[in-house]
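J.: Here it is, the structure in full.
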Amino acid sequence: MDHALNRDALPRNDAKPVSSLLPSPLASERMIATPLLDTINTPADLRKLARGQLPQLCEELRQFILYSVASTGGHLASNLGAVEITVALHYAFDTPNDRLVWDVGHQCYPHKILTGRRAGMAKLRMWEGLSGFPTRKESEYDAFGVAHSSTSISAALGMAVAAKLLGKKQRSVAIIGDGAMSAGMAFEALNNAGAMDIPLLVVLNDNDMSISEPVGALNNYLARLLVSNSYNTIRRVGEKMLSKFQLDRFGARWEEHLKGMVVPGTLFEEFGFNYIGPMDGHDVLLLVDAFSKVKDREGQLLLHVVTKKGGGYEKAEADPILYHGVPKFDPTVGIIPKPPGKPTFSDVFGQWLCDMAAVDDKLVAITPAMREGSGMVEFSKQFPTRYFDVGIAEQHAVTYAAGLACEGIKPIVAIYSTFLQRAYDQLVHDVVLQNLPVVFAIDRAGLVGADGPTHAGSFDIAFLRCLPNIVVMCPSDEAECRAMLTTAYRYNGPTAVRYPRGAGIGAPMDGPLTPLPIGKGEIVRTGAAKIAILAFGTLLHAAKSAANNLDATLVNMRFVKPLDVTLLKDLAATADCLITIEDHAIQGGAGSAVSEALSAAGMSKKMLHIGLPDSFIDQGDPAILMHEAGLDPAGIERQIRAFLAH
């Protein structure tokens with residue numbers, strides 16, 4: 001099954017690329033013809049097709065994805081590249097009885113469309129619509145809920161073991177790619193699986209990309225496998241011979257000796273997996289043959305499939321980073337850059353990073369494969385020797401920063417709130433316990449909109465503030481974010497600055513790199529009513545109308561740890577009630593910290609804590625989510641008035 005591949009030659013189908021089939025002039029406003037796809041409501045319908053119809057189905061599916069995502073926004077390039085793999089898997093395997101476990105999940109749109117959710121694509125990533133990721137509550141075909149990387153092999157192995165224990169006849173398949181194989185968890189699962197007598201298939205969708213360009217030795221290793229033409233040629237001759245004589249045991253030994261002569265063993269076979277590949281991931285008939293042949297084989301197999309991210313749409317192939325996650329756009333024109341608007345908090349961080357690096361050559365910045373999302377593109381260009389993308393490896397990123405800090409370097413770890421959850425032990429044991437000066441720039445705090453609950457930073461205050469030594473800050477606007485990052489950098493200990501996705505209020509940021517006094521809040525408004533509203537973070541601005549209408553005192557608390565206890569005591573001494581507001585889970589959040597501080601001071605006060613409810617909030621427009629959570633201005637005032645009425 002091996003094929004010597006030239007990645008630039010993919011896809012190798014005879015079908016025309018989607019870009020040549022698009023109608024004009026306004027393709028995004030026109031209907032597209034998908035006669036074969038229209039007959040597919042479930043994978044059972046797919047399996048009724050003749051093999052020769054599958055290339056046409058793939059092209060129709062690719063067109064539908066392109067038009068659909070162009071009208072809603074979402075992940076595009078990764079899904080275009082996974083069309084043939086998805087069709088072949090559902091054609092060869094008995095889904096949903098056989099379990100398909102998608103890694104990361106941003107390549108699941110073809111899977112959703114083929115499993116009865118085509119109509120739902122019109123509300124993809126919207127409130128009360130389809131999730132952008134596989135989720136068990138949405139479909140029986142979504143065997144495992146995902147959105148963070150490198151979980152597929154572990155989950156699929158667990159399902160395979162469960163099937164054996166329960167005496168079920170079902171297969172488990174993990175589909176992993178987009179850099180997810182670089183994470184330690186994937187190799188932990190490979191190590192475990194390789195030592196077990198369990199049938200498991202791992203499909204490595206090797207598209208030579210993560211969200212950004214791939215990094216690390218594993219990517220270099222996979223590239224070397226692709227150019228091992230001598231091995232591939234010899235193996236094809238050997239396969240023909242073995243097929244003719246059907247000498248399986250001899251064949252296995254012969255192949256191992258052959259690999260030793262040409263390639264010094266594959267990494268995956270050292271883990272106990274039978275490695276097959278690499279093969280063309282855009283040849284659907286080849287993939288169907290491969291999956292059909294291996295689905296009933298015992299033991300652990302890894303099928304190395306090579307695809308092009310954005311495959312079939314020339315603009316996405318040419319720039320898979322730009323087309324990874326897209327807004328609404330016209331496919332015939334492509335994405336048109338929008339004129340600059342208010343900077344996002346990620347932009348603010350990126351600019352601060354460059355400014356601080358220019359005045360201190362000890363500053364280095366680390367990202368676990370989120371250069372674009374964290375606003376680090378410009379820094380990576382200006383300071384390439386001080387920029388470290390460690391791949392999808394959050395645990396390593398944190399301990400790597402700790403090692404740098406031990407030697408006098410000043411590391412900044414730019415990380416999403418939910419990604420920091422994956423490195424909590426390293427945060428506690430390697431950074432905070434040793435009181436090392438590592439700055440955590442925590443993006444995507446609070447609700448995140450279309451990415452939904454898997455990416456919502458709802459818990460970071462709770463898991464950070466319980467740790468000794470650390471300073472935790474919540475900026476209310478862009479200027480304060482810049483000042484807090486400076487404060488964190490100047491502090492000789494672990495610090496965290498948490499900020500939300502998207503833009504702030506447009507506060508000017510032309511000031512110098514001046515730190516704030518640690519642990520000091522500020523009174524924004526003094527009211528006549530004996531009500532004090534304590535805001536943590538950007539919800540300060542949503543609380544202003546309530547403060548004005550109620551004539552309440554409004555406080556920008558700024559610091560969760562250390563709290564401004566002196567200010568708290570003064571407010572508690574003069575106000576009849578205190579109200580805390582945060583874009584974080586109420587349990588264990590900043591409001592809880594306020595209650596604990598007043599209790600420790602022996603002060604009892606009527607209090608209301610406003611924050612995220614004790615539930616996961618689904619995907620949707622940020623304004624809708626804030627309304628549903630009661631964190632928009634009207635919701636905040638409504639909750640306060642109801643509280644005061646009791």
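By order of appearance in the structure tokens: chains A, B, ..., then residues from 1 within every chain, and ligands from 1 in the order shown.
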Using only C-alpha atoms, which protein or nucleic acid residues come within 9 Å of Ile505 of chain A? Drop anything in the same chain fewer than 5 positions from it, and give the result as a PDB file with all heavy atoms, in the first residue's frame.
T.:
```
ATOM      1  N   LYS A 342     -10.608  48.244  16.036  1.00  0.00           N
ATOM      2  CA  LYS A 342     -10.027  48.284  17.379  1.00  0.00           C
ATOM      3  C   LYS A 342      -9.157  47.050  17.589  1.00  0.00           C
ATOM      4  O   LYS A 342      -9.525  45.955  17.193  1.00  0.00           O
ATOM      5  CB  LYS A 342     -11.142  48.325  18.424  1.00  0.00           C
ATOM      6  CG  LYS A 342     -11.942  49.598  18.455  1.00  0.00           C
ATOM      7  CD  LYS A 342     -12.875  49.654  19.648  1.00  0.00           C
ATOM      8  CE  LYS A 342     -13.926  48.567  19.597  1.00  0.00           C
ATOM      9  NZ  LYS A 342     -14.921  48.703  20.699  1.00  0.00           N
ATOM     10  N   ASP A 477      -9.517  47.010  30.469  1.00  0.00           N
ATOM     11  CA  ASP A 477      -9.456  47.500  29.090  1.00  0.00           C
ATOM     12  C   ASP A 477      -8.048  47.288  28.538  1.00  0.00           C
ATOM     13  O   ASP A 477      -7.172  46.728  29.213  1.00  0.00           O
ATOM     14  CB  ASP A 477      -9.878  48.971  28.999  1.00  0.00           C
ATOM     15  CG  ASP A 477      -9.001  49.911  29.824  1.00  0.00           C
ATOM     16  OD1 ASP A 477      -7.788  49.634  29.990  1.00  0.00           O
ATOM     17  OD2 ASP A 477      -9.513  50.938  30.308  1.00  0.00           O
ATOM     18  N   GLU A 478      -7.822  47.755  27.309  1.00  0.00           N
ATOM     19  CA  GLU A 478      -6.557  47.513  26.629  1.00  0.00           C
ATOM     20  C   GLU A 478      -5.384  48.195  27.326  1.00  0.00           C
ATOM     21  O   GLU A 478      -4.295  47.600  27.456  1.00  0.00           O
ATOM     22  CB  GLU A 478      -6.640  47.998  25.182  1.00  0.00           C
ATOM     23  CG  GLU A 478      -7.740  47.356  24.362  1.00  0.00           C
ATOM     24  CD  GLU A 478      -9.041  48.148  24.393  1.00  0.00           C
ATOM     25  OE1 GLU A 478      -9.367  48.764  25.427  1.00  0.00           O
ATOM     26  OE2 GLU A 478      -9.736  48.152  23.361  1.00  0.00           O
ATOM     27  N   THR A 538     -13.111  42.971  32.293  1.00  0.00           N
ATOM     28  CA  THR A 538     -13.789  43.826  31.316  1.00  0.00           C
ATOM     29  C   THR A 538     -15.270  44.016  31.598  1.00  0.00           C
ATOM     30  O   THR A 538     -15.892  44.908  31.008  1.00  0.00           O
ATOM     31  CB  THR A 538     -13.628  43.236  29.905  1.00  0.00           C
ATOM     32  OG1 THR A 538     -14.114  41.892  29.894  1.00  0.00           O
ATOM     33  CG2 THR A 538     -12.171  43.251  29.479  1.00  0.00           C
ATOM     34  N   HIS A 541     -17.240  47.559  32.440  1.00  0.00           N
ATOM     35  CA  HIS A 541     -17.964  48.474  31.547  1.00  0.00           C
ATOM     36  C   HIS A 541     -19.423  48.073  31.403  1.00  0.00           C
ATOM     37  O   HIS A 541     -20.296  48.933  31.283  1.00  0.00           O
ATOM     38  CB  HIS A 541     -17.249  48.534  30.204  1.00  0.00           C
ATOM     39  CG  HIS A 541     -15.794  48.846  30.344  1.00  0.00           C
ATOM     40  ND1 HIS A 541     -15.334  50.113  30.654  1.00  0.00           N
ATOM     41  CD2 HIS A 541     -14.696  48.052  30.285  1.00  0.00           C
ATOM     42  CE1 HIS A 541     -14.017  50.079  30.760  1.00  0.00           C
ATOM     43  NE2 HIS A 541     -13.612  48.849  30.538  1.00  0.00           N
TER      44      HIS A 541
END
```
J.: Set out as JSON lines a contact list for segment 436-523 of chain A and segment 361-377 of chain A with a cut-off of 12 Å, giving each residue of segment 436-523 of chain A that qualifies its closest atom pair and distance in Å to one decimal, counting only C-alpha atoms, ordered by chain and rising residue number.
T.:
```
{"residue": "A:Pro437", "atom": "CA", "partner": "A:Leu363", "partner_atom": "CA", "distance": 11.4}
{"residue": "A:Val438", "atom": "CA", "partner": "A:Ala365", "partner_atom": "CA", "distance": 10.3}
{"residue": "A:Val439", "atom": "CA", "partner": "A:Ala365", "partner_atom": "CA", "distance": 9.5}
{"residue": "A:Phe440", "atom": "CA", "partner": "A:Ile366", "partner_atom": "CA", "distance": 9.8}
{"residue": "A:Ala441", "atom": "CA", "partner": "A:Ser374", "partner_atom": "CA", "distance": 9.0}
{"residue": "A:Ile442", "atom": "CA", "partner": "A:Ser374", "partner_atom": "CA", "distance": 9.1}
{"residue": "A:Asp443", "atom": "CA", "partner": "A:Ser374", "partner_atom": "CA", "distance": 6.9}
{"residue": "A:Arg444", "atom": "CA", "partner": "A:Ser374", "partner_atom": "CA", "distance": 9.2}
{"residue": "A:Thr486", "atom": "CA", "partner": "A:Leu363", "partner_atom": "CA", "distance": 11.9}
{"residue": "A:Tyr489", "atom": "CA", "partner": "A:Leu363", "partner_atom": "CA", "distance": 9.0}
{"residue": "A:Arg490", "atom": "CA", "partner": "A:Leu363", "partner_atom": "CA", "distance": 11.1}
{"residue": "A:Tyr499", "atom": "CA", "partner": "A:Ser374", "partner_atom": "CA", "distance": 11.2}
{"residue": "A:Pro500", "atom": "CA", "partner": "A:Ser374", "partner_atom": "CA", "distance": 11.3}
{"residue": "A:Arg501", "atom": "CA", "partner": "A:Gly373", "partner_atom": "CA", "distance": 9.5}
{"residue": "A:Gly502", "atom": "CA", "partner": "A:Gly373", "partner_atom": "CA", "distance": 10.7}
```
J.: Show me, as a ChimeraX atom specification, the residues that have an atom within 8 Å of Asp551 of chain A when counting only C-alpha atoms, minus same-chain residues fewer than 4 positions from it.
T.: /A:527-529,547
J.: As JSON, numbers by chain, please: the residues near Pro494 of chain A (cut-off 7 Å, only C-alpha atoms, same-chain neighbours under 4 positions excluded).
T.: {"A": [431, 432, 435, 436, 437, 438, 439, 469, 470, 471]}
J.: Keeping only N, CA and C atoms, take the residues you just selected and write them out as a tab-separated table (two decimals), in the first residue's frame.
T.:
```tsv
chain	number	residue	atom	x	y	z
A	431	VAL	N	6.65	25.76	38.49
A	431	VAL	CA	6.76	27.22	38.48
A	431	VAL	C	6.41	27.82	39.84
A	432	VAL	N	5.20	27.59	40.30
A	432	VAL	CA	4.72	28.30	41.49
A	432	VAL	C	5.41	27.79	42.77
A	435	ASN	N	8.56	29.36	42.97
A	435	ASN	CA	8.44	30.83	42.97
A	435	ASN	C	9.27	31.46	41.85
A	436	LEU	N	9.14	30.91	40.65
A	436	LEU	CA	9.93	31.38	39.51
A	436	LEU	C	9.21	32.50	38.77
A	437	PRO	N	9.96	33.48	38.27
A	437	PRO	CA	9.35	34.62	37.59
A	437	PRO	C	8.95	34.29	36.15
A	438	VAL	N	7.86	33.56	36.01
A	438	VAL	CA	7.28	33.24	34.71
A	438	VAL	C	5.97	34.01	34.57
A	439	VAL	N	5.80	34.70	33.44
A	439	VAL	CA	4.57	35.44	33.17
A	439	VAL	C	3.66	34.58	32.31
A	469	ASN	N	2.12	32.24	46.22
A	469	ASN	CA	3.15	32.97	45.47
A	469	ASN	C	2.64	33.72	44.23
A	470	ILE	N	1.59	33.24	43.57
A	470	ILE	CA	1.22	33.80	42.28
A	470	ILE	C	0.42	35.09	42.44
A	471	VAL	N	0.59	36.01	41.48
A	471	VAL	CA	-0.20	37.24	41.38
A	471	VAL	C	-1.12	37.09	40.18
```
J.: For Ala593 of chain A, find every residue with an atom within 9 Å (counting only C-alpha atoms), except residues of its own chain fewer than 3 positions away, and show them as a list in words.
T.: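 So the residues in contact are Arg465, Val560, Lys561, Leu563, Gly588, Gly589, Ala590, Glu596, Ala597 and Leu598 of chain A.
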J.: Out of A:Pro55, A:Gly277, A:Gly408, A:Gly167, which residue has the shortest atom-to-atom distance to Leu37 of chain A when counting only C-alpha atoms?
T.: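 Of all the options, A:Pro55 lies closest to Leu37 of chain A.
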J.: Based on DSSP run over this structure's backbone, return all residues of segment 113-205 of chain A in alpha helix (DSSP H), as a ChimeraX atom specification.
T.: /A:152-166,184-194
J.: Please give the complete set of residues from segment 509-563 of chain A that DSSP, run on the backbone, assigns to strand (DSSP E or B), formatted as a PyMOL selection string.
T.: chain A and resi 522-525+531-535+553-556+559-561
J.: Can you write just those residues out, C-alpha atoms, as a CSV table (one decimal), in the first residue's frame?
T.:
```csv
chain,number,residue,atom,x,y,z
A,522,GLU,CA,-9.6,51.8,42.1
A,523,ILE,CA,-12.9,53.4,42.7
A,524,VAL,CA,-14.4,54.4,39.4
A,525,ARG,CA,-17.6,55.9,40.7
A,531,ILE,CA,-24.3,49.6,47.3
A,532,ALA,CA,-20.8,48.7,46.1
A,533,ILE,CA,-20.3,46.9,42.8
A,534,LEU,CA,-16.9,45.2,42.6
A,535,ALA,CA,-15.9,44.4,39.0
A,553,THR,CA,-20.3,52.9,44.0
A,554,LEU,CA,-18.4,51.1,41.2
A,555,VAL,CA,-14.9,49.6,41.8
A,556,ASN,CA,-12.4,48.3,39.4
A,559,PHE,CA,-6.3,42.1,41.2
A,560,VAL,CA,-7.8,38.8,42.2
A,561,LYS,CA,-4.6,37.9,44.1
```
J.: What is the distance, in Å and to one decimal place, between atom CA of Ala147 of chain A and atom CA of Glu394 of chain A?
T.: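 It comes out at 14.8 Å.
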J.: For a quick check of understanding, using only C-alpha atoms, which of A:Val594, A:Leu49, A:Ala462, A:Met603 has the smallest distance to Thr574 of chain A?
T.: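 With only C-alpha atoms as the atom set, the closest residue is A:Met603.
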J.: Determine the nearest neighbour of Gly457 of chain A from the options A:Ile518, A:Leu433, A:Ile85, A:Ala585, counting only C-alpha atoms.
T.: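 Closest residue, counting only C-alpha atoms: A:Ala585.
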J.: Near segment 631-637 of chain A, counting only C-alpha atoms, which residues have an atom at most 6 Å away, once you skip same-chain residues fewer than 3 positions from it, shown as JSON, numbers by chain?
T.: {"A": [542, 543, 546, 626, 627, 640]}
J.: What is the distance, in Å and to one decimal place, between atom CA of Ala479 of chain A and atom CA of Gly519 of chain A?
T.: 17.5 Å
J.: For Ala450 of chain A, which residue among A:Leu516, A:Leu190, A:Met126, A:Leu204 is the nearest when counting only C-alpha atoms?
T.: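 Using only C-alpha atoms, the shortest distance to Ala450 of chain A belongs to A:Met126.
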J.: Atom CA of Ser182 of chain A and atom CA of Thr151 of chain A are how many Å apart?
T.: 11.7 Å
J.: Please identify all polymer residues within 8 Å of Asn205 of chain A, counting only C-alpha atoms, omitting same-chain residues fewer than 4 positions from it, and present them as a list in words.
T.: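 Residues near the query, excluding close chain neighbours: Ala82, Ile175, Ile176, Gly177, Asp178, Gly281, His304, Val305, Val306 and Thr307 of chain A.
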J.: Which residue, A:Asp614, A:Asp296, A:Asp510, A:Asp460, has the smallest gap to Ala483 of chain A when you use only C-alpha atoms?
T.: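 Answer, going by the shortest atom-to-atom distance: A:Asp510.
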